[in-house]
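The structure appears below as structure tokens.
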Amino acid sequence: MRRKGAGMKLIHLSDTHLGAADLGKRFEMIVDDLTRLRPCNPENHLIIHTGDLIDCATREYRAAARILLDRLRDFGYPVLLCPGNHDYGGFWSVNPHAARDFQEAFSDYIFRDHKATSFPSLYLQGDCAFIGLDSNAAELHCLDRFFAEGELGTEQLFRLNVLLDSKRLQGRKIVLFFHHHPFSFGYNVSPDVGDGRVSSHLFAGLTRPFRRLKDAYSFCRIVRDRVQVMLFGHMHYGLDCSGESMKYGIPLAMDGGSSTCAEAGEDRMRYRIIDLEDMTWKIRFLRM
Ligand SMILES: [Fe+2]
Ligand SMILES: [Fe+2]
């Protein structure tokens with residue numbers, strides 16, 4: 001009997017922030033690396049980008065990012081994308097006009113080849129189902145659009161609940177991907193802030209409990225015991241969060257970090273390769 005996810009690998013990219021500093025150049029180096037790897041079956045190496053593709057919502061950045069994603073697709077990789085807060089605006093806020101522009105510009109990567117243009121998105125390949133969410137969806141109005149902690153909203157959660165029950169998904173390995181972090185962080189990640197920056201440590205420590213999806217609790221109750229892999233980004237830490245997700249019966253949960261290494265002082269770009277058959281993973285590091 002064929003095992004679920006047999007032969008299928010995920011390449012997890014996140015938070016490339018094309019447009020900031022030289023991150024567009026770095027993203028290009030990652031694309032070069034992915035095409036140099038030349039897996040004999042790129043169609044079985046599915047690329048998932050969990051948002052903050054660009055640093056802020058401009059036509060120029062969308063066009064530049066589009067060229068890089070197209071290169072990956074033309075090489076043979078299936079590419080899936082979900083939006084981050086920077087894709088819908090910038091650091092401080094998101095807005096519905098930028099959201100519409102981003103979804104239109106990347107609809108073939110976000111919604112793939114099915115007709116629907118709303119979230120959750122669904123892509124089926126082999127015996128796996130890939131579900132993309134918009135974790136900005138409930139923050140696109142009024143004052144809620146500032147600071148962008150992320151909120152899926154009751155409507156999207158309802159649709160996700162229905163989708164997870166649907167016959168099309170029965171017996172499949174389910175991979176859920178979205179941008180904002182569903183878990184709180186402990187103090188063990190404080191060193192990532194940097195030595196000697198007391199104010200940054202203080203800011204990170206005080207705000208950390210708030211920097212996760214506003215409706216993370218409802219979300220985790222819906223997905224528990226129903227999903228095998230969760231991928232997300234936003235915090236740029238690149239942590240394996242499976243210890244936390246196991247509380248909800250989800251074996252693998254990965255924070256993609258920033259593939260282009262958006263943090264000052266970092267010098268190693270990275271992306272994660274996940275084997276869906278045996279549920280193991282490794283990180284490929286690239287020096288700049
Ligand atoms: Fe980011
Ligand atoms: Fe983000």
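Chain labels run A, B, ... following the order of the structure tokens; each chain numbers its residues from 1, and ligands are numbered from 1 in the order shown.
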
* To do: Using only C-alpha atoms and all ligand atoms, find each protein or nucleic acid residue lying at most 6 Å from ligand 1; present the set as a list in words.
  => Asp15, Asp52 and His234 of chain A

Pull the closest atom pair for each residue of chain A that gets at most 7 Å from ligand 2, along with the distance in Å to one decimal, counting only C-alpha atoms and all ligand atoms, ordering rows by chain and then ascending residue number, as CSV.
```
residue,atom,partner,partner_atom_place_in_ligand_line,distance
A:Asp15,CA,ligand 2,1 (Fe),6.9
A:Asp52,CA,ligand 2,1 (Fe),5.6
A:Gly84,CA,ligand 2,1 (Fe),5.2
A:Asn85,CA,ligand 2,1 (Fe),5.0
A:His86,CA,ligand 2,1 (Fe),6.0
A:His179,CA,ligand 2,1 (Fe),6.6
A:His180,CA,ligand 2,1 (Fe),6.5
A:Gly233,CA,ligand 2,1 (Fe),6.9
A:His234,CA,ligand 2,1 (Fe),3.7
A:Met235,CA,ligand 2,1 (Fe),6.7
```

Write the residues of the selection above to a file with N, CA and C atoms, as a JSON list (two decimals), in the first residue's frame.
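selection-v8.json, written as the output of this step:
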```
[["chain", "number", "residue", "atom", "x", "y", "z"],
["A", 15, "ASP", "N", 8.82, 35.22, 4.13],
["A", 15, "ASP", "CA", 9.33, 36.54, 4.53],
["A", 15, "ASP", "C", 10.57, 36.98, 3.74],
["A", 52, "ASP", "N", 4.70, 37.79, 3.20],
["A", 52, "ASP", "CA", 5.69, 38.85, 3.20],
["A", 52, "ASP", "C", 6.67, 38.58, 2.04],
["A", 84, "GLY", "N", 1.11, 37.86, 3.29],
["A", 84, "GLY", "CA", 1.54, 38.35, 4.60],
["A", 84, "GLY", "C", 1.09, 39.79, 4.78],
["A", 85, "ASN", "N", 1.33, 40.35, 5.94],
["A", 85, "ASN", "CA", 0.88, 41.72, 6.20],
["A", 85, "ASN", "C", 1.63, 42.74, 5.32],
["A", 86, "HIS", "N", 2.91, 42.49, 5.04],
["A", 86, "HIS", "CA", 3.65, 43.44, 4.18],
["A", 86, "HIS", "C", 3.14, 43.40, 2.74],
["A", 179, "HIS", "N", 0.29, 33.00, 7.15],
["A", 179, "HIS", "CA", 1.42, 33.88, 7.47],
["A", 179, "HIS", "C", 1.68, 34.08, 8.97],
["A", 180, "HIS", "N", 0.67, 34.46, 9.72],
["A", 180, "HIS", "CA", 0.90, 34.88, 11.10],
["A", 180, "HIS", "C", 1.09, 33.69, 12.05],
["A", 233, "GLY", "N", 5.01, 31.98, 8.93],
["A", 233, "GLY", "CA", 6.21, 32.83, 8.95],
["A", 233, "GLY", "C", 5.99, 33.97, 9.92],
["A", 234, "HIS", "N", 6.25, 35.18, 9.47],
["A", 234, "HIS", "CA", 5.96, 36.44, 10.16],
["A", 234, "HIS", "C", 6.97, 36.82, 11.24],
["A", 235, "MET", "N", 7.32, 35.92, 12.13],
["A", 235, "MET", "CA", 8.19, 36.32, 13.24],
["A", 235, "MET", "C", 9.67, 36.29, 12.90]]
```

With a cut-off of 12 Å, could you pull out the residues of stretch 57-108 of chain A touching stretch 172-176 of chain A and give me the nearest pair of atoms for each, distance in Å to one decimal, using only C-alpha atoms, ordered by chain and ascending number, as CSV?
```
residue,atom,partner,partner_atom,distance
A:Leu80,CA,A:Leu176,CA,11.3
A:Leu81,CA,A:Leu176,CA,11.5
A:Cys82,CA,A:Leu176,CA,10.5
```

* Asked: So, counting only C-alpha atoms, which residue among A:Asp127, A:Asp255, A:Asp225, A:Asp32 is closest to A:Leu276?
  ->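 Ranked by minimum distance to A:Leu276, first place goes to A:Asp127.
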
* DSSP on the backbone: what in stretch 51-152 of chain A comes out alpha helix (DSSP H), as a PyMOL selection string? -> chain A and resi 59-75+96-105+107-110

* Residues near A:Arg71, cut-off 12 Å, only C-alpha atoms, skip fewer than 3 positions along chain, as an NGL selection string -> :A and (27-28 or 30-35 or 64-68 or 74-79)

Selection from above, all heavy atoms, as a short mmCIF file (atom, residue, chain, number, x, y, z; two decimals), in the first residue's frame, can you write it?
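That gives us again.cif:
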```
data_model
loop_
_atom_site.label_atom_id
_atom_site.label_comp_id
_atom_site.auth_asym_id
_atom_site.auth_seq_id
_atom_site.Cartn_x
_atom_site.Cartn_y
_atom_site.Cartn_z
N PHE A 27 16.84 37.15 -2.68
CA PHE A 27 15.77 36.26 -3.15
C PHE A 27 16.18 35.63 -4.49
O PHE A 27 15.97 34.44 -4.72
CB PHE A 27 14.47 37.07 -3.27
CG PHE A 27 13.23 36.26 -3.47
CD1 PHE A 27 13.23 34.86 -3.42
CD2 PHE A 27 12.02 36.89 -3.72
CE1 PHE A 27 12.06 34.12 -3.61
CE2 PHE A 27 10.85 36.16 -3.91
CZ PHE A 27 10.88 34.79 -3.87
N GLU A 28 16.78 36.44 -5.32
CA GLU A 28 17.25 35.93 -6.62
C GLU A 28 18.30 34.83 -6.43
O GLU A 28 18.30 33.83 -7.16
CB GLU A 28 17.85 37.10 -7.41
CG GLU A 28 17.89 36.86 -8.89
CD GLU A 28 18.41 38.10 -9.63
OE1 GLU A 28 18.27 39.23 -9.10
OE2 GLU A 28 18.94 37.92 -10.72
N ILE A 30 18.43 32.78 -3.95
CA ILE A 30 17.70 31.58 -3.52
C ILE A 30 17.08 30.88 -4.72
O ILE A 30 17.14 29.65 -4.85
CB ILE A 30 16.62 31.95 -2.47
CG1 ILE A 30 17.29 32.40 -1.18
CG2 ILE A 30 15.68 30.77 -2.21
CD1 ILE A 30 16.33 32.95 -0.15
N VAL A 31 16.50 31.67 -5.61
CA VAL A 31 15.91 31.10 -6.83
C VAL A 31 16.99 30.43 -7.67
O VAL A 31 16.80 29.32 -8.18
CB VAL A 31 15.16 32.19 -7.63
CG1 VAL A 31 14.71 31.67 -9.00
CG2 VAL A 31 13.96 32.71 -6.84
N ASP A 32 18.16 31.08 -7.78
CA ASP A 32 19.29 30.47 -8.50
C ASP A 32 19.63 29.12 -7.89
O ASP A 32 19.85 28.13 -8.58
CB ASP A 32 20.54 31.37 -8.43
CG ASP A 32 20.37 32.63 -9.28
OD1 ASP A 32 19.46 32.66 -10.12
OD2 ASP A 32 21.15 33.58 -9.06
N ASP A 33 19.68 29.10 -6.55
CA ASP A 33 20.04 27.86 -5.85
C ASP A 33 19.01 26.76 -6.10
O ASP A 33 19.36 25.60 -6.34
CB ASP A 33 20.16 28.15 -4.35
CG ASP A 33 20.70 26.96 -3.59
OD1 ASP A 33 21.89 26.63 -3.79
OD2 ASP A 33 19.95 26.34 -2.82
N LEU A 34 17.74 27.15 -6.07
CA LEU A 34 16.68 26.14 -6.26
C LEU A 34 16.68 25.58 -7.68
O LEU A 34 16.29 24.44 -7.90
CB LEU A 34 15.31 26.77 -5.93
CG LEU A 34 15.01 26.89 -4.44
CD1 LEU A 34 13.83 27.83 -4.21
CD2 LEU A 34 14.72 25.53 -3.84
N THR A 35 17.11 26.38 -8.63
CA THR A 35 17.16 25.87 -10.01
C THR A 35 18.48 25.11 -10.24
O THR A 35 18.54 24.22 -11.06
CB THR A 35 17.00 27.00 -11.04
OG1 THR A 35 17.93 28.04 -10.76
CG2 THR A 35 15.61 27.57 -11.02
N ALA A 64 8.57 42.62 -9.67
CA ALA A 64 9.88 41.97 -9.48
C ALA A 64 9.73 40.60 -8.84
O ALA A 64 10.43 39.64 -9.21
CB ALA A 64 10.77 42.87 -8.63
N ALA A 65 8.82 40.51 -7.87
CA ALA A 65 8.59 39.21 -7.20
C ALA A 65 7.97 38.21 -8.17
O ALA A 65 8.28 37.02 -8.15
CB ALA A 65 7.69 39.40 -5.98
N ARG A 66 7.10 38.71 -9.00
CA ARG A 66 6.42 37.86 -9.99
C ARG A 66 7.46 37.18 -10.92
O ARG A 66 7.35 36.00 -11.24
CB ARG A 66 5.46 38.75 -10.78
CG ARG A 66 4.85 38.17 -11.99
CD ARG A 66 3.44 37.68 -11.71
NE ARG A 66 3.25 36.46 -12.43
CZ ARG A 66 2.23 35.64 -12.27
NH1 ARG A 66 1.30 35.90 -11.39
NH2 ARG A 66 2.14 34.55 -12.95
N ILE A 67 8.46 37.94 -11.32
CA ILE A 67 9.50 37.39 -12.21
C ILE A 67 10.21 36.21 -11.53
O ILE A 67 10.46 35.17 -12.15
CB ILE A 67 10.52 38.50 -12.58
CG1 ILE A 67 9.86 39.50 -13.53
CG2 ILE A 67 11.78 37.90 -13.21
CD1 ILE A 67 10.68 40.77 -13.77
N LEU A 68 10.49 36.34 -10.23
CA LEU A 68 11.21 35.28 -9.53
C LEU A 68 10.33 34.04 -9.33
O LEU A 68 10.78 32.91 -9.51
CB LEU A 68 11.74 35.80 -8.19
CG LEU A 68 12.81 36.89 -8.31
CD1 LEU A 68 13.23 37.40 -6.95
CD2 LEU A 68 14.03 36.36 -9.08
N ASP A 74 8.45 28.02 -14.05
CA ASP A 74 8.89 27.60 -15.38
C ASP A 74 9.92 26.49 -15.30
O ASP A 74 10.06 25.69 -16.22
CB ASP A 74 9.46 28.80 -16.15
CG ASP A 74 8.39 29.85 -16.44
OD1 ASP A 74 7.19 29.51 -16.30
OD2 ASP A 74 8.74 30.99 -16.77
N PHE A 75 10.64 26.43 -14.19
CA PHE A 75 11.61 25.35 -14.00
C PHE A 75 10.91 24.02 -13.75
O PHE A 75 11.48 22.95 -13.99
CB PHE A 75 12.53 25.69 -12.82
CG PHE A 75 13.61 24.68 -12.58
CD1 PHE A 75 14.72 24.65 -13.41
CD2 PHE A 75 13.50 23.75 -11.57
CE1 PHE A 75 15.72 23.71 -13.21
CE2 PHE A 75 14.49 22.81 -11.36
CZ PHE A 75 15.61 22.78 -12.17
N GLY A 76 9.68 24.08 -13.27
CA GLY A 76 8.92 22.85 -13.05
C GLY A 76 8.36 22.68 -11.66
O GLY A 76 7.60 21.75 -11.39
N TYR A 77 8.73 23.59 -10.74
CA TYR A 77 8.20 23.49 -9.38
C TYR A 77 6.75 23.99 -9.34
O TYR A 77 6.49 25.11 -9.80
CB TYR A 77 8.98 24.40 -8.42
CG TYR A 77 10.39 24.00 -8.11
CD1 TYR A 77 11.46 24.80 -8.51
CD2 TYR A 77 10.67 22.86 -7.36
CE1 TYR A 77 12.77 24.47 -8.19
CE2 TYR A 77 11.97 22.52 -7.04
CZ TYR A 77 13.02 23.32 -7.46
OH TYR A 77 14.31 23.01 -7.14
N PRO A 78 5.84 23.24 -8.74
CA PRO A 78 4.56 23.86 -8.38
C PRO A 78 4.83 24.87 -7.26
O PRO A 78 5.62 24.59 -6.35
CB PRO A 78 3.72 22.70 -7.85
CG PRO A 78 4.43 21.46 -8.28
CD PRO A 78 5.88 21.82 -8.38
N VAL A 79 4.24 26.06 -7.34
CA VAL A 79 4.49 27.11 -6.35
C VAL A 79 3.16 27.56 -5.75
O VAL A 79 2.21 27.86 -6.48
CB VAL A 79 5.19 28.34 -6.98
CG1 VAL A 79 5.43 29.43 -5.95
CG2 VAL A 79 6.51 27.93 -7.64
#
```

* To do: Determine which residues of stretch 90-279 of chain A DSSP labels as strand (DSSP E) from the backbone of this structure, then write them out as a ChimeraX atom specification.
  => /A:121-125,128-132,173-177,229-232,252-255,268-275

Dump of C-alpha atoms for the selected residues, as a PDB file, in the first residue's frame:
```pdb
ATOM      1  CA  SER A 121      -7.467  28.103  -1.051  1.00  0.00           C
ATOM      2  CA  LEU A 122      -7.125  24.443  -1.947  1.00  0.00           C
ATOM      3  CA  TYR A 123      -4.612  22.578  -4.066  1.00  0.00           C
ATOM      4  CA  LEU A 124      -4.601  18.803  -4.390  1.00  0.00           C
ATOM      5  CA  GLN A 125      -1.580  16.848  -5.529  1.00  0.00           C
ATOM      6  CA  CYS A 128      -1.914  15.439  -0.224  1.00  0.00           C
ATOM      7  CA  ALA A 129      -4.117  18.512   0.209  1.00  0.00           C
ATOM      8  CA  PHE A 130      -2.586  21.977   0.570  1.00  0.00           C
ATOM      9  CA  ILE A 131      -4.783  24.605   2.190  1.00  0.00           C
ATOM     10  CA  GLY A 132      -3.793  28.284   2.175  1.00  0.00           C
ATOM     11  CA  LYS A 173      -2.281  14.241   4.265  1.00  0.00           C
ATOM     12  CA  ILE A 174      -3.220  17.851   4.986  1.00  0.00           C
ATOM     13  CA  VAL A 175      -0.755  20.738   4.866  1.00  0.00           C
ATOM     14  CA  LEU A 176      -2.042  24.077   6.124  1.00  0.00           C
ATOM     15  CA  PHE A 177      -0.114  27.280   5.365  1.00  0.00           C
ATOM     16  CA  VAL A 229       1.656  19.875   8.747  1.00  0.00           C
ATOM     17  CA  MET A 230       1.371  23.616   9.528  1.00  0.00           C
ATOM     18  CA  LEU A 231       3.657  26.180   7.904  1.00  0.00           C
ATOM     19  CA  PHE A 232       3.793  29.876   8.722  1.00  0.00           C
ATOM     20  CA  LEU A 252       4.795  19.119  12.346  1.00  0.00           C
ATOM     21  CA  ALA A 253       4.598  22.937  12.658  1.00  0.00           C
ATOM     22  CA  MET A 254       7.314  25.123  11.167  1.00  0.00           C
ATOM     23  CA  ASP A 255       8.027  28.845  11.323  1.00  0.00           C
ATOM     24  CA  ARG A 268      22.938  33.053   6.281  1.00  0.00           C
ATOM     25  CA  MET A 269      19.925  32.700   4.036  1.00  0.00           C
ATOM     26  CA  ARG A 270      17.948  29.515   4.461  1.00  0.00           C
ATOM     27  CA  TYR A 271      15.029  27.450   3.413  1.00  0.00           C
ATOM     28  CA  ARG A 272      13.566  24.283   4.815  1.00  0.00           C
ATOM     29  CA  ILE A 273      12.994  21.071   2.890  1.00  0.00           C
ATOM     30  CA  ILE A 274      10.328  18.816   4.396  1.00  0.00           C
ATOM     31  CA  ASP A 275       9.876  15.196   3.368  1.00  0.00           C
TER      32      ASP A 275
END
```

* Structure fact -> re atom CA of A:Ser218 and atom CA of A:His181: distance 13.7 Å

Listing only residues of stretch 41-126 of chain A within 10 Å of stretch 152-158 of chain A, what is the closest atom pair and its distance in Å (to one decimal) for each, using only C-alpha atoms, sorted by chain and residue number ascending, as a tab-separated table?
```
residue	atom	partner	partner_atom	distance
A:Ser118	CA	A:Gln156	CA	9.0
A:Phe119	CA	A:Gln156	CA	6.6
A:Pro120	CA	A:Gln156	CA	6.8
```

* With only C-alpha atoms as the basis for distance, which of A:Ala148, A:Leu133, A:Leu72, A:Ile283 is at the shortest distance from A:Asp240? ->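 Under the stated criterion, the closest residue is A:Ile283.
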
* Hey, which of A:Ala105, A:Ala98, A:Leu169, A:Leu46 ends up closest to A:Ala63? Count only C-alpha atoms. ->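 Answer, going by the shortest atom-to-atom distance: A:Ala105.
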
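Relative to atom CA of A:Ser184, atom CA of A:Cys220 is found at 12.5 Å.
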
* Interatomic distance between atom CA of A:Asn44 and atom CA of A:Glu277? ->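 Atom CA of A:Asn44 sits 11.6 Å away from atom CA of A:Glu277.
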
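Around A:Asp87, within 9 Å and counting only C-alpha atoms, the residues found are His17, Gly51, Asp52, Leu53, Ile54, Asp55, Cys56, Ala57, Thr58, Arg62, Pro83, Val94, Ala98, Ala99 and Phe102 of chain A, once anything fewer than 4 positions away on its own chain is removed.
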
Store the residues picked out above in a file with all heavy atoms, as an mmCIF file, in the first residue's frame.
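Writing done, so here's again-v1.cif:
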```
data_model
loop_
_atom_site.group_PDB
_atom_site.id
_atom_site.type_symbol
_atom_site.label_atom_id
_atom_site.label_comp_id
_atom_site.auth_asym_id
_atom_site.auth_seq_id
_atom_site.Cartn_x
_atom_site.Cartn_y
_atom_site.Cartn_z
ATOM 1 N N HIS A 17 10.567 39.586 1.753
ATOM 2 C CA HIS A 17 10.582 41.067 1.843
ATOM 3 C C HIS A 17 11.306 41.732 0.680
ATOM 4 O O HIS A 17 12.113 42.663 0.895
ATOM 5 C CB HIS A 17 11.189 41.512 3.177
ATOM 6 C CG HIS A 17 10.289 41.267 4.353
ATOM 7 N ND1 HIS A 17 9.418 42.204 4.826
ATOM 8 C CD2 HIS A 17 10.109 40.162 5.123
ATOM 9 C CE1 HIS A 17 8.749 41.706 5.863
ATOM 10 N NE2 HIS A 17 9.137 40.460 6.056
ATOM 11 N N GLY A 51 4.271 34.097 2.763
ATOM 12 C CA GLY A 51 3.917 35.509 2.863
ATOM 13 C C GLY A 51 5.027 36.466 3.259
ATOM 14 O O GLY A 51 6.132 36.069 3.608
ATOM 15 N N ASP A 52 4.697 37.789 3.198
ATOM 16 C CA ASP A 52 5.694 38.846 3.196
ATOM 17 C C ASP A 52 6.668 38.583 2.043
ATOM 18 O O ASP A 52 7.893 38.679 2.194
ATOM 19 C CB ASP A 52 6.426 38.985 4.546
ATOM 20 C CG ASP A 52 5.581 39.700 5.599
ATOM 21 O OD1 ASP A 52 4.446 40.109 5.278
ATOM 22 O OD2 ASP A 52 6.054 39.839 6.739
ATOM 23 N N LEU A 53 6.062 38.298 0.902
ATOM 24 C CA LEU A 53 6.836 38.113 -0.330
ATOM 25 C C LEU A 53 7.582 39.401 -0.648
ATOM 26 O O LEU A 53 8.755 39.399 -1.003
ATOM 27 C CB LEU A 53 5.864 37.754 -1.466
ATOM 28 C CG LEU A 53 6.408 37.633 -2.874
ATOM 29 C CD1 LEU A 53 7.275 36.393 -3.010
ATOM 30 C CD2 LEU A 53 5.265 37.572 -3.904
ATOM 31 N N ILE A 54 6.869 40.538 -0.500
ATOM 32 C CA ILE A 54 7.452 41.856 -0.771
ATOM 33 C C ILE A 54 7.429 42.685 0.515
ATOM 34 O O ILE A 54 6.696 42.359 1.451
ATOM 35 C CB ILE A 54 6.672 42.583 -1.900
ATOM 36 C CG1 ILE A 54 5.177 42.622 -1.591
ATOM 37 C CG2 ILE A 54 6.931 41.889 -3.231
ATOM 38 C CD1 ILE A 54 4.333 43.337 -2.630
ATOM 39 N N ASP A 55 8.231 43.752 0.538
ATOM 40 C CA ASP A 55 8.350 44.523 1.775
ATOM 41 C C ASP A 55 7.230 45.533 1.954
ATOM 42 O O ASP A 55 6.842 45.844 3.070
ATOM 43 C CB ASP A 55 9.703 45.240 1.818
ATOM 44 C CG ASP A 55 10.006 45.742 3.216
ATOM 45 O OD1 ASP A 55 9.968 44.924 4.152
ATOM 46 O OD2 ASP A 55 10.248 46.952 3.374
ATOM 47 N N CYS A 56 6.753 46.096 0.863
ATOM 48 C CA CYS A 56 5.559 46.925 0.942
ATOM 49 C C CYS A 56 4.846 46.873 -0.404
ATOM 50 O O CYS A 56 5.441 46.500 -1.422
ATOM 51 C CB CYS A 56 5.860 48.348 1.383
ATOM 52 S SG CYS A 56 6.874 49.258 0.242
ATOM 53 N N ALA A 57 3.566 47.237 -0.364
ATOM 54 C CA ALA A 57 2.683 46.976 -1.505
ATOM 55 C C ALA A 57 2.856 48.004 -2.607
ATOM 56 O O ALA A 57 2.120 48.990 -2.681
ATOM 57 C CB ALA A 57 1.241 46.938 -1.015
ATOM 58 N N THR A 58 3.844 47.796 -3.475
ATOM 59 C CA THR A 58 3.982 48.654 -4.648
ATOM 60 C C THR A 58 3.922 47.786 -5.901
ATOM 61 O O THR A 58 4.255 46.607 -5.872
ATOM 62 C CB THR A 58 5.318 49.428 -4.654
ATOM 63 O OG1 THR A 58 6.381 48.495 -4.941
ATOM 64 C CG2 THR A 58 5.589 50.123 -3.343
ATOM 65 N N ARG A 62 5.775 44.093 -6.700
ATOM 66 C CA ARG A 62 4.962 42.941 -7.135
ATOM 67 C C ARG A 62 5.502 42.389 -8.453
ATOM 68 O O ARG A 62 5.626 41.177 -8.630
ATOM 69 C CB ARG A 62 3.486 43.349 -7.290
ATOM 70 C CG ARG A 62 2.747 43.523 -5.979
ATOM 71 C CD ARG A 62 1.239 43.640 -6.189
ATOM 72 N NE ARG A 62 0.852 44.860 -6.859
ATOM 73 C CZ ARG A 62 0.526 45.997 -6.243
ATOM 74 N NH1 ARG A 62 0.510 46.058 -4.933
ATOM 75 N NH2 ARG A 62 0.182 47.080 -6.932
ATOM 76 N N PRO A 83 -0.778 35.338 1.479
ATOM 77 C CA PRO A 83 -0.344 36.728 1.728
ATOM 78 C C PRO A 83 0.119 36.978 3.162
ATOM 79 O O PRO A 83 -0.418 36.417 4.118
ATOM 80 C CB PRO A 83 -1.624 37.529 1.441
ATOM 81 C CG PRO A 83 -2.737 36.578 1.722
ATOM 82 C CD PRO A 83 -2.231 35.196 1.440
ATOM 83 N N VAL A 94 -2.245 47.256 7.121
ATOM 84 C CA VAL A 94 -2.681 46.598 5.887
ATOM 85 C C VAL A 94 -3.907 47.367 5.377
ATOM 86 O O VAL A 94 -4.547 48.091 6.141
ATOM 87 C CB VAL A 94 -3.049 45.115 6.138
ATOM 88 C CG1 VAL A 94 -1.810 44.311 6.455
ATOM 89 C CG2 VAL A 94 -4.066 44.971 7.277
ATOM 90 N N ALA A 98 -4.628 47.385 -1.333
ATOM 91 C CA ALA A 98 -3.386 46.641 -1.558
ATOM 92 C C ALA A 98 -3.658 45.138 -1.549
ATOM 93 O O ALA A 98 -3.030 44.382 -2.300
ATOM 94 C CB ALA A 98 -2.360 47.012 -0.488
ATOM 95 N N ALA A 99 -4.586 44.706 -0.706
ATOM 96 C CA ALA A 99 -4.944 43.275 -0.644
ATOM 97 C C ALA A 99 -5.488 42.807 -1.989
ATOM 98 O O ALA A 99 -5.094 41.758 -2.511
ATOM 99 C CB ALA A 99 -5.968 43.047 0.467
ATOM 100 N N PHE A 102 -2.693 42.663 -4.597
ATOM 101 C CA PHE A 102 -1.798 41.514 -4.403
ATOM 102 C C PHE A 102 -2.470 40.218 -4.864
ATOM 103 O O PHE A 102 -1.861 39.401 -5.558
ATOM 104 C CB PHE A 102 -1.391 41.408 -2.926
ATOM 105 C CG PHE A 102 -0.345 40.356 -2.665
ATOM 106 C CD1 PHE A 102 1.001 40.601 -2.946
ATOM 107 C CD2 PHE A 102 -0.692 39.116 -2.157
ATOM 108 C CE1 PHE A 102 1.971 39.621 -2.722
ATOM 109 C CE2 PHE A 102 0.274 38.133 -1.933
ATOM 110 C CZ PHE A 102 1.611 38.397 -2.214
#
```
